[in-house]
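J.: Okay, handing you the structure first.
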Protein chains: 4
Amino acid sequence: MGPHVATRLTDSAVYGHLWSTPELVALFDEPAWLQAWLDVLAALAAAQAELGIIPGEAADQVAAHAKVEHLDLDFVAAETRRTAHSTLGLIHGLQRILPEPAREYVYYGATVQDLTDTWFGLVMRDVGRLVRRDVARAHATLLALAAAHRDTVMAGRTHGQPGAPITFGYKAATWADELGRQLERLDQGGRRWSVGQLAGAVGVLGFFGERGLELRRRFCARLGLADPGLSWTSTRDRVGEFGTVLALTAGTLARIGTEVYELQRPEIGELDEAPRATTVGSITMPHKRNPETSEHLDTLARVARAAAGVLVEGLVSGHERDGRSWKAEWFALPEVAQATGTAAALAADLVAGLVVHADRMRTNLGPAAGSERVLAELSARLGKHRAQELMQAALAGGGDLVAALAAAGAATAEEVADWAARPAVDTAGAMVDAVVARGTP
Amino acid sequence: MGPHVATRLTDSAVYGHLWSTPELVALFDEPAWLQAWLDVLAALAAAQAELGIIPGEAADQVAAHAKVEHLDLDFVAAETRRTAHSTLGLIHGLQRILPEPAREYVYYGATVQDLTDTWFGLVMRDVGRLVRRDVARAHATLLALAAAHRDTVMAGRTHGQPGAPITFGYKAATWADELGRQLERLDQGGRRWSVGQLAGAVGVLGFFGERGLELRRRFCARLGLADPGLSWTSTRDRVGEFGTVLALTAGTLARIGTEVYELQRPEIGELDEAPRATTVGSITMPHKRNPETSEHLDTLARVARAAAGVLVEGLVSGHERDGRSWKAEWFALPEVAQATGTAAALAADLVAGLVVHADRMRTNLGPAAGSERVLAELSARLGKHRAQELMQAALAGGGDLVAALAAAGAATAEEVADWAARPAVDTAGAMVDAVVARGTP
Amino acid sequence: MGPHVATRLTDSAVYGHLWSTPELVALFDEPAWLQAWLDVLAALAAAQAELGIIPGEAADQVAAHAKVEHLDLDFVAAETRRTAHSTLGLIHGLQRILPEPAREYVYYGATVQDLTDTWFGLVMRDVGRLVRRDVARAHATLLALAAAHRDTVMAGRTHGQPGAPITFGYKAATWADELGRQLERLDQGGRRWSVGQLAGAVGVLGFFGERGLELRRRFCARLGLADPGLSWTSTRDRVGEFGTVLALTAGTLARIGTEVYELQRPEIGELDEAPRATTVGSITMPHKRNPETSEHLDTLARVARAAAGVLVEGLVSGHERDGRSWKAEWFALPEVAQATGTAAALAADLVAGLVVHADRMRTNLGPAAGSERVLAELSARLGKHRAQELMQAALAGGGDLVAALAAAGAATAEEVADWAARPAVDTAGAMVDAVVARGTP
Amino acid sequence: MGPHVATRLTDSAVYGHLWSTPELVALFDEPAWLQAWLDVLAALAAAQAELGIIPGEAADQVAAHAKVEHLDLDFVAAETRRTAHSTLGLIHGLQRILPEPAREYVYYGATVQDLTDTWFGLVMRDVGRLVRRDVARAHATLLALAAAHRDTVMAGRTHGQPGAPITFGYKAATWADELGRQLERLDQGGRRWSVGQLAGAVGVLGFFGERGLELRRRFCARLGLADPGLSWTSTRDRVGEFGTVLALTAGTLARIGTEVYELQRPEIGELDEAPRATTVGSITMPHKRNPETSEHLDTLARVARAAAGVLVEGLVSGHERDGRSWKAEWFALPEVAQATGTAAALAADLVAGLVVHADRMRTNLGPAAGSERVLAELSARLGKHRAQELMQAALAGGGDLVAALAAAGAATAEEVADWAARPAVDTAGAMVDAVVARGTP
């Protein structure tokens, strides 16, 4: 097909920064993953040499020469296409750069999924850690925001309509609380998905005879991965879980983005993304300040969900190796990883720079400030359903609550004013305190 | 709209048994969930009475009278439509059947999500347990199958093509191993999703003042649910996780079904679903024996995935209550629960009745029996890549391996025959032993 | 499993009206589809009698007796479960209510998909027409709104931020324009999906010999369906297209809902759903007016998308009948049909009752009223990029545009005021006129 | 972020050929789309010059200098990141390579979606045509196969089990028939989605005043695109339709792949992918012949479905420009296009090289050869349900049908043998003839 650059806008030189981060590129870029594959082969050779399966010298030569910068990628690509085989191109390419004695002993007894799945184990481990780090950073920032705005009253909104009061600290705490559970899932899942693969042709390591399991143990240990216990060539639940935990995490980040996006509307004006000196909002409408990052978190969550869906579908594998599932993972795993990894990095920055307009929050709350306390006080006097009916009747058609309650003999104007001045957010503060006290795991 | 029966084939009197089980119906059927909602209201009233928020007598009356058989469902439905409010119909219906003093104190300070989300907590807990029980049953059966067929050789298949040998015990162990991790996920997720909800209008329990948190604690405890720590009206990660863990579980069950479906093809004939005396395979083709259950596991997994996708999408909520997410859950949660719950029950029965045709397995393996051992032995002599090239050349065009190897001086006919007689499945047995030794959690 | 009511909240007596309509219930309710199936059997018998395949008397008896009210549904259900066969329960149930001579001739040579797929053809035709009718109703209303508000200026919003002016008529025209293309897709797709099925056991109508095709032609014609030309037991593109066209349509309706939802925020206040006298917005926050319908359109679109996804997945069928695909359609087709059908009915009502606050639109536009005209005029004087830089510099930090432009010698205060007073929406009007002129197809 | 190569395996130098084709790369590769964008800008400038909006000389300079090979991509990328604006980097990069007089007139009055959406229109048109061409090629091949194998009997299979006879020609005809409807959808959709975009800041082309519509008309005509009639910045149904039609098409291709994959199992052996001289099936199991292409069609369909799902979700846009939808399209549109385009090319080759083993088809049919004719003949004698019961009883437990029927006095051995020798596939041939007669549109 000839060399090309990048047919995905997500990999574009111009736009790639919206869809990945330097750290993720360092994991997924073609030279990076090729080197990772070569490192996997070197670890395999080293473990095989330890067990006397191949000569120690061959293992040393693989370790010394298996460097991506020596590979003739055009040759590898051409051989891959010529043989229509997933790894034979790479093997032939490797054999060219290895000294003669090592050529027989590279990729010895392994098959394509040993390479690709072990690499999956490595990137699931590493991406899981990157996402965990950035989500934890966002979590810690949100705890600080929650504490700082423990008593900053604002309108709670349901169905998009401002209603009874909450505090911004409470809102930030709900974001943190949800992210905290994503951290748990990343930790619990990470213990399952950070594994290597050494399965051989059909999973039972037949080529290695009885040394197979010991070889796998040493191979995985050299790479800092857990031993899977059992081949997983058609057992894709770990990959599926990785996808869903990331998509769930991206969902929470998109929820935060969505709220910022909405609350940054100038008609509401309660939050703002941190302004950046060099950002240009709109060249045709220079007065605008766009919530670009917040909005993009939603975009990334859509990508993460779609890719995760492919991974979940992949669990329904057939027999001992099923290219339908496993090659679809080649598409989907890097997507969900980069979408969520990028979202986590963006979100951590977003919340760190968030501008909170406490004054607008108080203003927007307006007459709803007292709603729940008024209802509570009236309920204590009249019963709740009667209180509601009275309030409903009073407010229908934009009526005057104070006058109506006075007319009904339910409360004096002074009482209503007093209740409205003290929004019923005591419990919000207590919940914030509890979330903050738990800290970031 | 008038009374109707069931517009979903999944709820059909005729076909419903393919899409649910009696236990699941007992959770999700309209009278059942209405009673569950009433029980939630009774628990709320009881907790409120304990704290002096409502009279003890009112709580007792709610407990005594809030029975679904007393409710006038037509009235409830009509009021729901009249008010276009999610719970006002139910409240008015309840007030009709409660003694006068209790009428003011039912649903006191609660809002719709307190009811629906707490019910979600109950069903997520209960469905999680049902699925866990049936998956554990399948898991235990599979361990027994793995042990019994530890050394039953059969062809491993990759890309649908029979290749090197495995054992059926190994295959069963990979199924069990994957289900074992689903049990872990059900347990870990269950600790997160078995929570109640008491949030009030916008999440901060303003109506109850400083007694809110204590009230929530007691309310949840009465229902056997954990306290959520923080309102989760727009924090939907627990529901999303419930969906994805169930969809992943359904995926593993569908994988088992897919394998049985394929291996039951008469041209392969290695497995059979248990015959049922009264089953009629095909009325137009009476000689056929259809793998109905195996096939249906794949169907159910599709439903589970689609519904779980809706739940994951629901994480991107806005503000304090977002009907777009939350009402979509009303559709999706019962679907993923019933699809996966049904699949788990069916799969546990399927594996319990599985007929294993060890003879066909051995026959189908055929000349591939020795493949990996031949390759291993030749590799030790010639180097692996040379061995592969030799074998590839020999077998191209259906050549005779024995003659070719002899001609090349690589091995004698006796050696090749000996290798082929001892399939290289030692490691398969060792992996089976390890999986069996771990047992069912 | 015993009789139950409805395990889907979407089929609930209390909440079902949110998820279906009386017309859709009349298509999908269990007695309705059973009767439809019986009518299909009667049409088949009649066509067979015409061709002398069965006695005319038998066909008459089927037509006369095959009534759902005579069926013993408990027996049908029990036989379905006993035989684990999709239609044998129904056949045995039918044979009980038919006179002896007809018993041999009901369901003569047909198989389950002949029944279920022909019913699919009927409901795809009928649901397609219902959706078309309601979408056309919404379309016509939107054309009237577009014409009425051709020159009602309001802020165009990008990324949630108000920017340059548009007119509400233009916005309504974009909704209508999109719905117009959905009408085209419904019409074009409807010609493909309104077909019957008569395939026999494996698709080639072997049972009927050379009369098969003539029988199918007459059978389809009796039901008002097109002849499919070829059996489609594993050819599911029509069902997939039905799903995607409906999901696309639901997406457009949800877009309209989303816009109303956002513009009904009191902080924006530009649109309102029609108030209903008996609606109760919030019992705990009586002052709120919730955009319930608008919000629900988004929920329904999620359901439609998820169900359509299952139908698209179903195209990947295997062999001549594949229960994995086809039974998943049993779940998904009624869902996408009811979700989209309900959305179309709700949306047609929504736009018919829409309250437009032209005053708030003008107010919210504020200083952005002149933005595009100012830019255009300055660009003519200074070049566009210089004009933009000047405006950007002037507006940075909330600066005063008029003063800045005057200071730069770019425009006088009078000129800027004049430009701002004449929002640049001429083309909006022209586009509205073109859309209105095309009318509703 | 620095230059990188390709973080998607789908864009890999080594594996990219599985996920794209040279023709698709020529549309989507970064230099290609950048040049396409520049061509769009040149067309805009030319149309503007025609209308006197910009100087003719400026338009000529844009046409002459706007070449991707002159662009400093590092500068463009850096400016894009610095400004956080989608197109400002490109504009600044362009201004550097344009002569001074043209700098003010490039990208004159346009905004980012004018560029990206018009490019979408171009690639939707071109990809639609490529897919159409390759699907039509597959269609024509399948018609030839259907005609050639009009009477090649084989087992029809339902639920994976061989049953009554069909012909391979019939099967090929069902594939062709389904592809034929995909061609219709591509044609009908192509007329909707091959449009340009010129919308300006918020859709109403305010910057251009009353010349806006004439400018759009000329701009689109220059690019060979239809005029959209109305701005579609938030009207994404065309993109959604493009995605779903492609995903449906990919589904049909995957269905063909799935059938080949299954029928190539050596235990069945009825079809084979064309062998390729240089292909290496398995390096560890040299005797295997993998259905790589067939399998990969399923993988590609999963990718296409996932990406199409993102496009359908994108219809729910808000206001006049919604980056959440539109940027997600940047990810999804190239994916669905390349996945389906690659699948169409692969499938056309697959069916062109398909090896049909008519002998194995006949052998595998075995005793089922007569099933439908036997049933038909017996039904005529005994009534259908009695005939079925008799056959069912006879075949239960692997009984001997001939003996049983003779014993029951239902048919002689000679009759049964005669019926079995003449499989009931007359109608299959007639359906094949009809499909072939329609030809490829």
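Naming works like this for the structure tokens: A, B, ... for the chains as they're shown, residue 1 at the start of each chain, ligands 1 onward in shown order.
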Using only C-alpha atoms, which residues sit within 6 Å of range 76-81 of chain C once same-chain residues fewer than 6 positions away are excluded, as a ChimeraX atom specification?
T.: /B:14 /C:89-90,93
J.: Store the residues picked out above in a file with N, CA, C and O atoms, as a short mmCIF file (atom, residue, chain, number, x, y, z; two decimals), in the first residue's frame.
T.:
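Writing done, so here's result_29.cif:
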data_model
loop_
_atom_site.label_atom_id
_atom_site.label_comp_id
_atom_site.auth_asym_id
_atom_site.auth_seq_id
_atom_site.Cartn_x
_atom_site.Cartn_y
_atom_site.Cartn_z
N VAL B 14 -46.58 -16.45 26.14
CA VAL B 14 -46.15 -17.60 25.36
C VAL B 14 -44.63 -17.73 25.32
O VAL B 14 -44.08 -18.82 25.44
N GLY C 89 -46.56 -24.83 20.28
CA GLY C 89 -47.57 -24.52 21.28
C GLY C 89 -48.77 -23.86 20.64
O GLY C 89 -49.93 -24.23 20.90
N LEU C 90 -48.51 -22.91 19.79
CA LEU C 90 -49.60 -22.20 19.13
C LEU C 90 -50.38 -23.14 18.22
O LEU C 90 -51.62 -23.11 18.18
N GLY C 93 -52.51 -25.33 20.23
CA GLY C 93 -53.61 -24.51 20.76
C GLY C 93 -54.67 -24.27 19.70
O GLY C 93 -55.87 -24.31 19.97
#
J.: Quick one: residues within 9 Å of Val127 in chain A, only C-alpha atoms, excluding same-chain residues fewer than 2 positions away - as an mmCIF file with all heavy atoms, in the first residue's frame?
T.:
data_model
loop_
_atom_site.group_PDB
_atom_site.id
_atom_site.type_symbol
_atom_site.label_atom_id
_atom_site.label_comp_id
_atom_site.auth_asym_id
_atom_site.auth_seq_id
_atom_site.Cartn_x
_atom_site.Cartn_y
_atom_site.Cartn_z
ATOM 1 N N LEU A 24 0.748 8.765 26.222
ATOM 2 C CA LEU A 24 0.025 7.698 25.526
ATOM 3 C C LEU A 24 0.656 7.412 24.169
ATOM 4 O O LEU A 24 0.740 6.259 23.746
ATOM 5 C CB LEU A 24 -1.453 8.091 25.368
ATOM 6 C CG LEU A 24 -2.232 8.129 26.683
ATOM 7 C CD1 LEU A 24 -3.505 8.956 26.542
ATOM 8 C CD2 LEU A 24 -2.561 6.716 27.145
ATOM 9 N N LEU A 27 3.345 5.090 24.358
ATOM 10 C CA LEU A 27 2.950 3.674 24.468
ATOM 11 C C LEU A 27 2.464 3.104 23.137
ATOM 12 O O LEU A 27 2.705 1.945 22.823
ATOM 13 C CB LEU A 27 1.810 3.511 25.487
ATOM 14 C CG LEU A 27 2.156 3.646 26.961
ATOM 15 C CD1 LEU A 27 0.884 3.623 27.796
ATOM 16 C CD2 LEU A 27 3.082 2.512 27.385
ATOM 17 N N LEU A 122 0.765 -5.322 28.954
ATOM 18 C CA LEU A 122 1.636 -4.193 29.298
ATOM 19 C C LEU A 122 0.909 -2.861 29.169
ATOM 20 O O LEU A 122 0.965 -2.022 30.071
ATOM 21 C CB LEU A 122 2.874 -4.199 28.385
ATOM 22 C CG LEU A 122 3.876 -5.333 28.620
ATOM 23 C CD1 LEU A 122 4.903 -5.387 27.484
ATOM 24 C CD2 LEU A 122 4.597 -5.151 29.963
ATOM 25 N N VAL A 123 0.208 -2.664 28.072
ATOM 26 C CA VAL A 123 -0.433 -1.355 27.902
ATOM 27 C C VAL A 123 -1.664 -1.227 28.802
ATOM 28 O O VAL A 123 -1.954 -0.136 29.285
ATOM 29 C CB VAL A 123 -0.794 -1.031 26.428
ATOM 30 C CG1 VAL A 123 0.476 -0.928 25.581
ATOM 31 C CG2 VAL A 123 -1.764 -2.006 25.844
ATOM 32 N N MET A 124 -2.355 -2.324 29.064
ATOM 33 C CA MET A 124 -3.477 -2.213 30.014
ATOM 34 C C MET A 124 -2.936 -1.807 31.384
ATOM 35 O O MET A 124 -3.496 -0.939 32.059
ATOM 36 C CB MET A 124 -4.265 -3.512 30.072
ATOM 37 C CG MET A 124 -5.059 -3.797 28.787
ATOM 38 S SD MET A 124 -6.301 -5.122 28.943
ATOM 39 C CE MET A 124 -5.255 -6.570 29.149
ATOM 40 N N ARG A 125 -1.848 -2.432 31.781
ATOM 41 C CA ARG A 125 -1.231 -2.049 33.057
ATOM 42 C C ARG A 125 -0.827 -0.570 33.032
ATOM 43 O O ARG A 125 -1.182 0.196 33.943
ATOM 44 C CB ARG A 125 0.006 -2.921 33.297
ATOM 45 C CG ARG A 125 0.740 -2.599 34.574
ATOM 46 C CD ARG A 125 2.134 -3.234 34.576
ATOM 47 N NE ARG A 125 2.991 -2.624 33.543
ATOM 48 C CZ ARG A 125 4.188 -3.077 33.197
ATOM 49 N NH1 ARG A 125 4.688 -4.167 33.776
ATOM 50 N NH2 ARG A 125 4.897 -2.461 32.269
ATOM 51 N N ARG A 129 -2.557 2.689 34.886
ATOM 52 C CA ARG A 129 -1.841 3.514 35.875
ATOM 53 C C ARG A 129 -1.891 4.995 35.529
ATOM 54 O O ARG A 129 -2.043 5.841 36.408
ATOM 55 C CB ARG A 129 -0.388 3.047 35.962
ATOM 56 C CG ARG A 129 -0.238 1.716 36.670
ATOM 57 C CD ARG A 129 1.227 1.273 36.648
ATOM 58 N NE ARG A 129 1.383 -0.039 37.279
ATOM 59 C CZ ARG A 129 2.491 -0.773 37.197
ATOM 60 N NH1 ARG A 129 3.532 -0.324 36.518
ATOM 61 N NH2 ARG A 129 2.554 -1.945 37.798
ATOM 62 N N LEU A 130 -1.734 5.298 34.238
ATOM 63 C CA LEU A 130 -1.805 6.708 33.832
ATOM 64 C C LEU A 130 -3.183 7.287 34.141
ATOM 65 O O LEU A 130 -3.304 8.391 34.667
ATOM 66 C CB LEU A 130 -1.531 6.849 32.327
ATOM 67 C CG LEU A 130 -0.094 6.676 31.842
ATOM 68 C CD1 LEU A 130 -0.048 6.783 30.319
ATOM 69 C CD2 LEU A 130 0.815 7.729 32.465
ATOM 70 N N VAL A 131 -4.201 6.535 33.789
ATOM 71 C CA VAL A 131 -5.557 7.022 34.047
ATOM 72 C C VAL A 131 -5.768 7.162 35.554
ATOM 73 O O VAL A 131 -6.309 8.158 36.034
ATOM 74 C CB VAL A 131 -6.603 6.064 33.431
ATOM 75 C CG1 VAL A 131 -8.006 6.421 33.883
ATOM 76 C CG2 VAL A 131 -6.511 6.102 31.906
ATOM 77 N N ARG A 132 -5.303 6.178 36.297
ATOM 78 C CA ARG A 132 -5.453 6.236 37.747
ATOM 79 C C ARG A 132 -4.774 7.477 38.319
ATOM 80 O O ARG A 132 -5.337 8.175 39.166
ATOM 81 C CB ARG A 132 -4.814 4.988 38.367
ATOM 82 C CG ARG A 132 -5.300 4.709 39.753
ATOM 83 C CD ARG A 132 -4.311 4.197 40.734
ATOM 84 N NE ARG A 132 -5.011 3.883 41.994
ATOM 85 C CZ ARG A 132 -5.324 4.824 42.888
ATOM 86 N NH1 ARG A 132 -5.025 6.083 42.687
ATOM 87 N NH2 ARG A 132 -5.978 4.473 44.000
ATOM 88 N N ALA A 337 -8.220 3.329 25.207
ATOM 89 C CA ALA A 337 -7.105 3.746 26.055
ATOM 90 C C ALA A 337 -6.758 5.210 25.815
ATOM 91 O O ALA A 337 -6.600 5.988 26.771
ATOM 92 C CB ALA A 337 -5.893 2.860 25.776
ATOM 93 N N GLN A 338 -6.638 5.585 24.553
ATOM 94 C CA GLN A 338 -6.244 6.962 24.269
ATOM 95 C C GLN A 338 -7.375 7.942 24.564
ATOM 96 O O GLN A 338 -7.136 9.045 25.057
ATOM 97 C CB GLN A 338 -5.750 7.075 22.821
ATOM 98 C CG GLN A 338 -4.442 6.315 22.649
ATOM 99 C CD GLN A 338 -3.775 6.550 21.304
ATOM 100 O OE1 GLN A 338 -3.146 7.571 21.089
ATOM 101 N NE2 GLN A 338 -3.898 5.606 20.397
ATOM 102 N N GLY A 341 -7.528 8.035 28.452
ATOM 103 C CA GLY A 341 -6.296 8.620 28.982
ATOM 104 C C GLY A 341 -6.231 10.115 28.711
ATOM 105 O O GLY A 341 -5.836 10.908 29.580
#
J.: Write out as number ranges by chain which residues come within 8 Å of range 157-168 of chain C when counting only C-alpha atoms, dropping same-chain ones fewer than 5 positions away.
T.: A: 261-262, 265-266, 285, 287-292, 295; C: 146, 149-152, 365, 368-372, 423-425, 428-429; D: 201-204, 318-323
J.: For chain A, which residue among D:Ser194, D:Thr83, D:Gln264, D:Gln392 is the nearest when counting only C-alpha atoms?
T.: D:Thr83
J.: Tell me which protein, DNA and RNA residues are within 12 Å of Arg302 in chain B, counting only C-alpha atoms, leaving out same-chain ones fewer than 2 positions away, and put them as a PyMOL selection string.
T.: (chain A and resi 309-310+312-316) or (chain B and resi 246-255+295-300+304-309+335-336+339-340+343) or (chain C and resi 306-314+324-332)
J.: Between CA of Gln95 in chain B and CA of Glu69 in chain B, what is the spacing in Å?
T.: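 According to the coordinates, CA of Glu69 in chain B and CA of Gln95 in chain B are separated by 14.3 Å.
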J.: Any chance you could list, as a list in words, the residues in range 260-367 of chain B that come up strand (DSSP E or B) when DSSP is run on the backbone?
T.: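 Of range 260-367 of chain B, only Leu271, Asp272, Arg321, Val355 and Val356 of chain B fall in strand (DSSP E or B).
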J.: Now that the selection is made, can you save its residues with N, CA and C atoms as a compact mmCIF listing (two decimals), in the first residue's frame?
T.:
# COMPACT_ATOMS: atom_id res chain seq x y z
N LEU B 271 -19.80 -32.31 21.07
CA LEU B 271 -20.62 -32.00 22.24
C LEU B 271 -22.08 -32.05 21.84
N ASP B 272 -22.93 -32.27 22.82
CA ASP B 272 -24.38 -32.17 22.61
C ASP B 272 -25.03 -31.58 23.84
N ARG B 321 -30.52 16.15 38.85
CA ARG B 321 -31.45 15.08 38.47
C ARG B 321 -31.63 15.21 36.97
N VAL B 355 -23.31 -33.36 26.98
CA VAL B 355 -22.89 -34.70 26.57
C VAL B 355 -21.57 -34.56 25.81
N VAL B 356 -20.54 -35.24 26.30
CA VAL B 356 -19.20 -35.12 25.71
C VAL B 356 -18.90 -36.39 24.92
